[in-house]
Amino acid sequence: MSVGAMLFYILVFPGLLFLLAWMFFVFYFARKVLAYMHKRVGPHFNGPAGTLQTVFDVFKLLTKESITPKSADPYLFNIIPILAPLVAALPVILIPWTPLINNGHGILDTEYGVLGLVVLIGVEPFLLFLTGFGSNNKYSFLGGMRILAQMVSMEVPFFLAALSPALLFGTMNLYEIQSQNTWLTALILLPGAVIFIIAMLGILEQPPFNIPDAEQEIVYGFYTEYSGTNYVLLKFAEFTEMLVVLSAATVLFFGGYRGLFFDSFWWLFLKVAMLAAVMVAIRASNPRLRLDQMLKFCWSWLTPLAILNLVWIIFAKIYILGA
Amino acid sequence: MENIKNILNKFDMEYVEDYKPTWVKAKLKNKEDILNVVKALKKEGVKTCSTISPTDFIDENKIEVNYFLEDLFNKRNVWLKVDIPRELENCEIDSITPLMPSADWHELEAYSTFGVKFKGHPNLRYFLISRDYYGKFPFRKDFDWKEHEKNLMQNIAEITEEYFDEYEEYEENVGHDGSRTVLNWGPTHPASGPIRLKVYTNGENVEKIDPDIGYVWRALEHLAERKDFIGTIVAVERICFMDNPNPMICYSQAVEEIAGKEITEFAKYMRVILGETGRIASHLISLGGFFGTMGLQTFSMWCLDIREYFLDVLEDYSGARIATACIEPGGVRYPLNDYKAWFESINKAIKKFEDTKDDITDIFMKNPLMNTRAKGNGVFTLDDVAKYYLAGPIARASGAKIDVRIDEPYAAYDKLEMDYVTCENGDARDRLYIIFKELQQAMDLIKQAMAKIEEGISEGEMDPKKDHLIKMPKRMPAGEAVARVEWARGEMLMHLVTQEKATSPYRLKLKAPSVNHTMVLDKLLKGKTLSDIPLLYGSMHICQGDLDR
């Protein structure tokens, strides 16, 4: 890999610029779709149909003062917002984004793609827990505790569901998984995909599992003390994680960038956008669960179902695909 | 009724007389008897204390304490008066809180504002008023407001300092032996409103809740005394912005009763329409807010969308959307020059609601996650209703058949068809359903009232351009009256005292239901988790405006 290519990957695609563009897009997209469901207009004045509103918002936050509260641990408080986006952006190198890069493989083409994804996604919540710990605020701390409880339980079905395509195709290489996927296997993987998406809502702290930053209960959870640049960085980490998890779902279950007539990045993008729209629709119609109800749901329904799903995958592999 | 009179006559009374069909008015000679009277009444079934209202008669050097005791289920109410000395040292009376827990905060309020000491109250303390009024008893007639306001900045500085001291104290409680801590849930919390709940928590579990109220205390009861009889409506309507016309109806009824005037039929029906519109505007916020407490804003937005149309109705009539000042003693404030156009905008608003009703039922009222959260959560039984006097929708959600509109009909409610709207379980979900049912009832009532007005106009009995107001005397005779209305959140009771040839009220006691609903928060939330606080708090439909007044 030449230096030029590496710089391109890091700075433009699928690195910094792409992730920034994604943040602006998904921020705007979520606000507009949510507004439509709320019977509101949403962002309207800046740019065509308000498209520049989120750009303005982000730059406004960047120019604001980043306050470190007196009682917070200044090092922990300020270092996590730098670490969090970095860690969140790491899995980007594993995902095969487009046929144009590396012959359609991910930038890092490895046999441990699924494993790497799950591990790197799983590290993120611990960093967020540390933000709550470092803020030294009662509400932030409660948010941190909640995020730990939620992650520890949600990662089990998440991992088990992510394992199902690997089990079906007998490989953990993400490129192999997406290129072996057919209409039939996509159908076989559907229960796994549903479990993955539900667990994904928990991982991304989206409603009805937005328990760690439940505004009406614990103000803003681990975000409470953050402002200005630090807040933007944390939000950036959140949206990057969302992109990674959504595209992971697409690659694992819905054939990644492969499309109907041609293979392109835009197919992947379309699938990600559709999943994001589903997420927003769930957000617009469902209230939040309680922490203990989430735990109960996760351990007594989702995890057993994820295990049953693995049984189903093995059954299908033997009797339907005839391995 | 006769039983109650017999009981009262056993004691040493100045008089025992009938007052309105559902009230007995009595005056006790000796303040030592109060506990025995209340005990005997409680045995008979009068279990609830609506409110306690002291009146300061500075010329006669006495304070008259009025007890409003109610038998909620048999609709028998007692208005008990007793004189106590005015000097601070002797200004005391036995507390009835041990017998009737619903009197708890009302006694504290009377103590804080009038200095009536209640002997035997479990925790007598200053309450509601801010710290700079402690020991000064602002509603007494000899309290000098101007003198007090001279030290405004200094008082504010002291309050801030004391708040920080208190805050430090809570921080120290966080020890290594346990995780017990105090969360300040408010007054700047996203879901709290201007109230502070001191939440004693152990991790996620709530051990105790101690509400700290008074953040929007505007001394409305005193403001009323400074204004003339018509000007008072603007103080009264500011109890809570959400249901605006009903408090004015209540106040106007009290004034009309003292003046001995009867308003026209047309004005009565207009009061029904305006009152129900206010109820709808309030209930729509309650409905949306209930889901808002669980992080779902969609429904709030939908409700606000519908509410705009009902605010249009108020605007078309009075020119204002929120603070309408549309009802005054003697009728309603404005004539209806074009009644057809106004009815048209009402119909438009009702149609807007009915178009969305099915969607609301399918998406929100049957929402499975809402069921998981709210079903069976925070149950109130009928006993709780009588014990703490939960009023209005909260009581009806528990199955209590209480509704002032039916029990003690006012305006034109006795001529309209209506029935008690109740639910059975009394949990948080029923407190949502009851609001939805009452919305539909309110719209039905509006339709009936509109039909009656149209009928009256076509038969020539009503003239919408002239009948709206009757002439009220500028100076009132001496007297006192109690008026009740069914406000959006429950019973609102006003006790008005006037003096001979007065131009402004001598004393106006406002009783609003949120006081009792906040009082039970500790009982409601003990042992629940932090996530239940916004949900159950929201399910009580508390408004801080009428909590503090």
# chains A, B, ... in the order shown; residues from 1 in each chain; ligands from 1
>>> closest_atom_pairs(of="chain B", to="chain A", cutoff="6 Å", atoms="only C-alpha atoms", output="Markdown table")
| residue | atom | partner | partner_atom | distance |
| --- | --- | --- | --- | --- |
| B:Pro190 | CA | A:Gln216 | CA | 5.7 |
| B:Ala191 | CA | A:Gln216 | CA | 4.9 |
| B:Thr293 | CA | A:Gln216 | CA | 5.9 |
| B:Met294 | CA | A:Pro287 | CA | 5.2 |
| B:Gly295 | CA | A:Pro287 | CA | 5.7 |
| B:Leu296 | CA | A:Pro287 | CA | 5.0 |
| B:Thr298 | CA | A:His38 | CA | 4.9 |
| B:Met301 | CA | A:His38 | CA | 5.7 |
| B:Ser531 | CA | A:Glu217 | CA | 5.7 |
>>> residues_around(residues="segment 186-203 of chain A", least_positions_apart="5", cutoff="6 Å", atoms="only C-alpha atoms", output="VMD selection string")
chain A and resid 154 158 161 209
>>> select_by_dssp(residues="segment 6-80 of chain A", states="alpha helix (DSSP H)", output="PyMOL selection string")
chain A and resi 6-11+16-38+53-63+74-80
>>> write_last_selection(atoms="C-alpha atoms", output="short mmCIF file (atom, residue, chain, number, x, y, z; two decimals), in the first residue's frame")
data_model
loop_
_atom_site.label_atom_id
_atom_site.label_comp_id
_atom_site.auth_asym_id
_atom_site.auth_seq_id
_atom_site.Cartn_x
_atom_site.Cartn_y
_atom_site.Cartn_z
CA MET A 6 -2.92 5.32 2.88
CA LEU A 7 -3.33 9.06 3.30
CA PHE A 8 -6.36 8.95 1.03
CA TYR A 9 -7.88 6.18 3.10
CA ILE A 10 -7.24 7.99 6.37
CA LEU A 11 -8.24 11.48 5.36
CA LEU A 16 -12.21 11.53 8.15
CA LEU A 17 -14.01 13.38 5.37
CA PHE A 18 -16.37 10.52 4.65
CA LEU A 19 -17.20 10.11 8.31
CA LEU A 20 -17.81 13.85 8.68
CA ALA A 21 -20.05 13.83 5.62
CA TRP A 22 -21.91 10.87 7.11
CA MET A 23 -22.37 12.72 10.38
CA PHE A 24 -23.88 15.72 8.60
CA PHE A 25 -26.06 13.46 6.51
CA VAL A 26 -27.41 11.25 9.26
CA PHE A 27 -27.99 14.17 11.62
CA TYR A 28 -30.03 15.90 8.94
CA PHE A 29 -31.72 12.70 7.79
CA ALA A 30 -32.83 11.71 11.29
CA ARG A 31 -34.09 15.20 12.06
CA LYS A 32 -36.04 15.48 8.83
CA VAL A 33 -37.62 12.03 9.01
CA LEU A 34 -38.45 12.49 12.67
CA ALA A 35 -39.96 15.88 11.94
CA TYR A 36 -42.12 14.35 9.24
CA MET A 37 -43.43 11.77 11.70
CA HIS A 38 -43.96 14.48 14.32
CA GLN A 53 -28.58 23.37 9.20
CA THR A 54 -26.59 20.49 10.69
CA VAL A 55 -23.33 21.87 9.27
CA PHE A 56 -24.08 25.16 10.96
CA ASP A 57 -24.96 23.41 14.19
CA VAL A 58 -21.75 21.44 14.28
CA PHE A 59 -19.58 24.46 13.54
CA LYS A 60 -21.46 26.49 16.13
CA LEU A 61 -20.66 23.84 18.72
CA LEU A 62 -17.01 23.80 17.61
CA THR A 63 -16.67 27.52 18.22
CA PRO A 74 -9.73 17.09 33.94
CA TYR A 75 -7.56 14.47 32.23
CA LEU A 76 -10.11 11.72 32.01
CA PHE A 77 -12.82 14.22 31.16
CA ASN A 78 -10.92 15.67 28.21
CA ILE A 79 -9.09 12.65 26.83
CA ILE A 80 -12.08 10.39 26.25
#
>>> residues_around(residues="segment 471-477 of chain B", least_positions_apart="4", cutoff="12 Å", atoms="only C-alpha atoms", output="JSON, numbers by chain")
{"B": [228, 229, 230, 231, 252, 254, 255, 256, 257, 258, 259, 260, 261, 262, 263, 264, 328, 329, 330, 331, 332, 333, 466, 467, 481, 496, 497, 498, 499, 500, 501, 502, 503, 504, 505, 506]}
>>> write_last_selection(atoms="N, CA and C atoms", output="short mmCIF file (atom, residue, chain, number, x, y, z; two decimals), in the first residue's frame")
data_model
loop_
_atom_site.label_atom_id
_atom_site.label_comp_id
_atom_site.auth_asym_id
_atom_site.auth_seq_id
_atom_site.Cartn_x
_atom_site.Cartn_y
_atom_site.Cartn_z
N ASP B 228 -59.52 44.94 42.09
CA ASP B 228 -60.97 45.03 42.28
C ASP B 228 -61.60 43.71 41.84
N PHE B 229 -62.93 43.63 41.93
CA PHE B 229 -63.57 42.33 41.75
C PHE B 229 -63.40 41.81 40.33
N ILE B 230 -63.33 42.71 39.36
CA ILE B 230 -63.16 42.23 37.99
C ILE B 230 -61.69 41.99 37.70
N GLY B 231 -60.84 42.86 38.21
CA GLY B 231 -59.41 42.70 37.98
C GLY B 231 -58.87 41.40 38.54
N SER B 252 -65.92 33.63 39.51
CA SER B 252 -67.10 34.41 39.18
C SER B 252 -68.33 33.90 39.93
N ALA B 254 -68.38 32.56 42.85
CA ALA B 254 -68.33 33.01 44.25
C ALA B 254 -68.79 34.45 44.35
N VAL B 255 -68.34 35.29 43.42
CA VAL B 255 -68.73 36.70 43.46
C VAL B 255 -70.24 36.84 43.24
N GLU B 256 -70.76 36.09 42.24
CA GLU B 256 -72.19 36.19 41.95
C GLU B 256 -73.02 35.74 43.14
N GLU B 257 -72.51 34.73 43.86
CA GLU B 257 -73.27 34.25 45.02
C GLU B 257 -73.35 35.33 46.09
N ILE B 258 -72.24 36.02 46.33
CA ILE B 258 -72.26 37.08 47.34
C ILE B 258 -73.15 38.23 46.89
N ALA B 259 -73.08 38.58 45.61
CA ALA B 259 -73.89 39.68 45.10
C ALA B 259 -75.35 39.28 44.96
N GLY B 260 -75.62 37.96 45.00
CA GLY B 260 -77.00 37.50 44.85
C GLY B 260 -77.55 37.63 43.45
N LYS B 261 -76.71 37.50 42.46
CA LYS B 261 -77.16 37.64 41.07
C LYS B 261 -77.17 36.29 40.38
N GLU B 262 -78.08 36.19 39.42
CA GLU B 262 -78.14 34.97 38.60
C GLU B 262 -77.80 35.36 37.17
N ILE B 263 -76.88 34.61 36.52
CA ILE B 263 -76.49 35.00 35.16
C ILE B 263 -77.47 34.41 34.15
N THR B 264 -77.38 34.90 32.93
CA THR B 264 -78.35 34.47 31.90
C THR B 264 -78.04 33.05 31.43
N GLU B 328 -66.02 36.74 33.42
CA GLU B 328 -65.94 37.64 34.57
C GLU B 328 -67.25 37.56 35.35
N PRO B 329 -67.24 38.04 36.58
CA PRO B 329 -68.47 37.97 37.37
C PRO B 329 -69.62 38.63 36.61
N GLY B 330 -70.72 37.90 36.49
CA GLY B 330 -71.87 38.43 35.77
C GLY B 330 -72.09 37.76 34.43
N GLY B 331 -71.21 36.86 34.04
CA GLY B 331 -71.42 36.19 32.76
C GLY B 331 -70.11 35.93 32.06
N VAL B 332 -70.11 36.13 30.76
CA VAL B 332 -68.87 36.03 30.00
C VAL B 332 -68.55 37.41 29.44
N ARG B 333 -67.26 37.62 29.13
CA ARG B 333 -66.79 38.98 28.95
C ARG B 333 -67.26 39.64 27.65
N LYS B 466 -76.39 40.50 23.40
CA LYS B 466 -76.70 41.29 24.59
C LYS B 466 -76.65 40.48 25.88
N ASP B 467 -76.91 39.18 25.76
CA ASP B 467 -77.13 38.38 26.97
C ASP B 467 -75.86 37.98 27.71
N ALA B 481 -68.50 33.12 50.44
CA ALA B 481 -69.06 32.07 49.59
C ALA B 481 -67.98 31.05 49.28
N LEU B 496 -64.30 32.82 49.15
CA LEU B 496 -64.20 34.27 48.98
C LEU B 496 -64.87 34.96 50.16
N VAL B 497 -64.17 35.92 50.76
CA VAL B 497 -64.73 36.70 51.86
C VAL B 497 -64.73 38.16 51.43
N THR B 498 -65.88 38.83 51.62
CA THR B 498 -65.90 40.26 51.29
C THR B 498 -66.37 41.04 52.50
N GLN B 499 -66.07 42.31 52.51
CA GLN B 499 -66.56 43.17 53.57
C GLN B 499 -67.54 44.18 53.00
N GLU B 500 -68.31 44.80 53.88
CA GLU B 500 -69.37 45.70 53.45
C GLU B 500 -68.82 46.83 52.58
N LYS B 501 -69.45 47.03 51.41
CA LYS B 501 -69.11 48.11 50.48
C LYS B 501 -67.66 48.04 50.00
N ALA B 502 -67.14 46.83 49.96
CA ALA B 502 -65.75 46.70 49.54
C ALA B 502 -65.67 46.69 48.02
N THR B 503 -64.52 47.16 47.50
CA THR B 503 -64.32 47.11 46.06
C THR B 503 -63.37 45.97 45.67
N SER B 504 -62.77 45.36 46.66
CA SER B 504 -61.88 44.24 46.32
C SER B 504 -62.07 43.12 47.34
N PRO B 505 -61.74 41.89 46.97
CA PRO B 505 -61.94 40.79 47.90
C PRO B 505 -61.14 40.98 49.19
N TYR B 506 -61.75 40.56 50.31
CA TYR B 506 -61.03 40.65 51.57
C TYR B 506 -60.09 39.47 51.72
#
>>> atom_distance(atom1="atom CA of Ile363 of chain B", atom2="atom CA of Cys303 of chain B")
13.3 Å
>>> atom_distance(atom1="atom CA of Ser53 of chain B", atom2="atom CA of Val385 of chain B")
21.3 Å
>>> residues_around(residues="segment 430-439 of chain B", least_positions_apart="5", cutoff="8 Å", atoms="only C-alpha atoms", output="list in words")
Arg279, Ile280, His283, Leu284, Ser286, Leu287, Phe290, Met365, Lys375, Pro393, Ile394, Arg396, Ala397, Ser398, Val421, Thr422, Cys423, Glu424, Asn425, Ser539 and Met540 of chain B
>>> residues_around(residues="segment 207-211 of chain B", least_positions_apart="2", cutoff="6 Å", atoms="only C-alpha atoms", output="list in words")
Arg196, Leu197, Lys198, Val199, Tyr200, Thr201, Asp522, Lys526 and Gly527 of chain B
>>> closest_residue(among="B:Asp384, B:Ile52, B:Trp145, B:Lys401", to="His106 of chain B", atoms="only C-alpha atoms")
B:Ile52
>>> residues_around(residues="Lys62 of chain B", least_positions_apart="5", cutoff="6 Å", atoms="only C-alpha atoms", output="list in words")
Phe57, Ile84, Pro85 and Arg86 of chain B
>>> decode(residues="segment 135-146 of chain A", atoms="all heavy atoms", output="compact mmCIF listing (two decimals), in the first residue's frame")
# COMPACT_ATOMS: atom_id res chain seq x y z
N SER A 135 -16.75 12.66 34.67
CA SER A 135 -17.51 13.89 34.88
C SER A 135 -17.77 14.15 36.35
O SER A 135 -17.96 15.28 36.77
CB SER A 135 -18.86 13.81 34.17
OG SER A 135 -18.69 13.65 32.81
N ASN A 136 -17.77 13.10 37.14
CA ASN A 136 -18.00 13.22 38.58
C ASN A 136 -19.30 13.96 38.87
O ASN A 136 -19.36 14.86 39.68
CB ASN A 136 -16.82 13.94 39.23
CG ASN A 136 -16.78 13.67 40.71
OD1 ASN A 136 -17.50 12.80 41.19
ND2 ASN A 136 -15.97 14.40 41.43
N ASN A 137 -20.32 13.59 38.15
CA ASN A 137 -21.64 14.18 38.34
C ASN A 137 -22.58 13.00 38.56
O ASN A 137 -22.42 11.95 37.96
CB ASN A 137 -21.97 14.95 37.06
CG ASN A 137 -23.42 15.34 36.93
OD1 ASN A 137 -24.31 14.52 37.13
ND2 ASN A 137 -23.66 16.56 36.57
N LYS A 138 -23.54 13.20 39.46
CA LYS A 138 -24.39 12.05 39.81
C LYS A 138 -25.12 11.49 38.61
O LYS A 138 -25.19 10.28 38.41
CB LYS A 138 -25.40 12.46 40.86
CG LYS A 138 -24.79 12.74 42.20
CD LYS A 138 -25.82 13.42 43.10
CE LYS A 138 -25.18 13.91 44.37
NZ LYS A 138 -26.08 14.80 45.10
N TYR A 139 -25.66 12.39 37.79
CA TYR A 139 -26.42 11.92 36.64
C TYR A 139 -25.51 11.24 35.62
O TYR A 139 -25.86 10.21 35.05
CB TYR A 139 -27.16 13.08 35.99
CG TYR A 139 -28.33 13.57 36.82
CD1 TYR A 139 -28.33 14.83 37.38
CD2 TYR A 139 -29.41 12.74 37.03
CE1 TYR A 139 -29.40 15.27 38.13
CE2 TYR A 139 -30.48 13.17 37.77
CZ TYR A 139 -30.48 14.44 38.33
OH TYR A 139 -31.53 14.87 39.06
N SER A 140 -24.29 11.83 35.39
CA SER A 140 -23.36 11.22 34.45
C SER A 140 -22.96 9.84 34.93
O SER A 140 -22.85 8.90 34.14
CB SER A 140 -22.11 12.07 34.32
OG SER A 140 -22.42 13.35 33.93
N PHE A 141 -22.72 9.74 36.23
CA PHE A 141 -22.28 8.46 36.76
C PHE A 141 -23.36 7.39 36.58
O PHE A 141 -23.08 6.27 36.17
CB PHE A 141 -21.92 8.62 38.24
CG PHE A 141 -21.30 7.40 38.81
CD1 PHE A 141 -20.04 7.00 38.41
CD2 PHE A 141 -21.98 6.62 39.73
CE1 PHE A 141 -19.46 5.86 38.91
CE2 PHE A 141 -21.41 5.47 40.24
CZ PHE A 141 -20.15 5.10 39.83
N LEU A 142 -24.61 7.80 36.87
CA LEU A 142 -25.71 6.85 36.67
C LEU A 142 -25.79 6.43 35.21
O LEU A 142 -25.98 5.25 34.90
CB LEU A 142 -27.03 7.49 37.08
CG LEU A 142 -27.32 7.50 38.57
CD1 LEU A 142 -28.50 8.39 38.86
CD2 LEU A 142 -27.62 6.09 39.05
N GLY A 143 -25.58 7.39 34.30
CA GLY A 143 -25.59 7.07 32.88
C GLY A 143 -24.50 6.08 32.55
O GLY A 143 -24.71 5.13 31.79
N GLY A 144 -23.30 6.30 33.14
CA GLY A 144 -22.20 5.37 32.90
C GLY A 144 -22.51 3.97 33.38
O GLY A 144 -22.27 2.98 32.68
N MET A 145 -23.12 3.89 34.58
CA MET A 145 -23.48 2.57 35.11
C MET A 145 -24.48 1.88 34.19
O MET A 145 -24.40 0.69 33.92
CB MET A 145 -24.10 2.69 36.50
CG MET A 145 -23.23 3.30 37.55
SD MET A 145 -21.72 2.40 37.74
CE MET A 145 -22.25 1.07 38.77
N ARG A 146 -25.43 2.69 33.71
CA ARG A 146 -26.47 2.11 32.85
C ARG A 146 -25.88 1.60 31.56
O ARG A 146 -26.26 0.53 31.08
CB ARG A 146 -27.53 3.17 32.55
CG ARG A 146 -28.46 3.40 33.70
CD ARG A 146 -29.46 4.47 33.34
NE ARG A 146 -30.49 4.57 34.36
CZ ARG A 146 -31.67 5.11 34.14
NH1 ARG A 146 -31.96 5.59 32.97
NH2 ARG A 146 -32.56 5.17 35.10
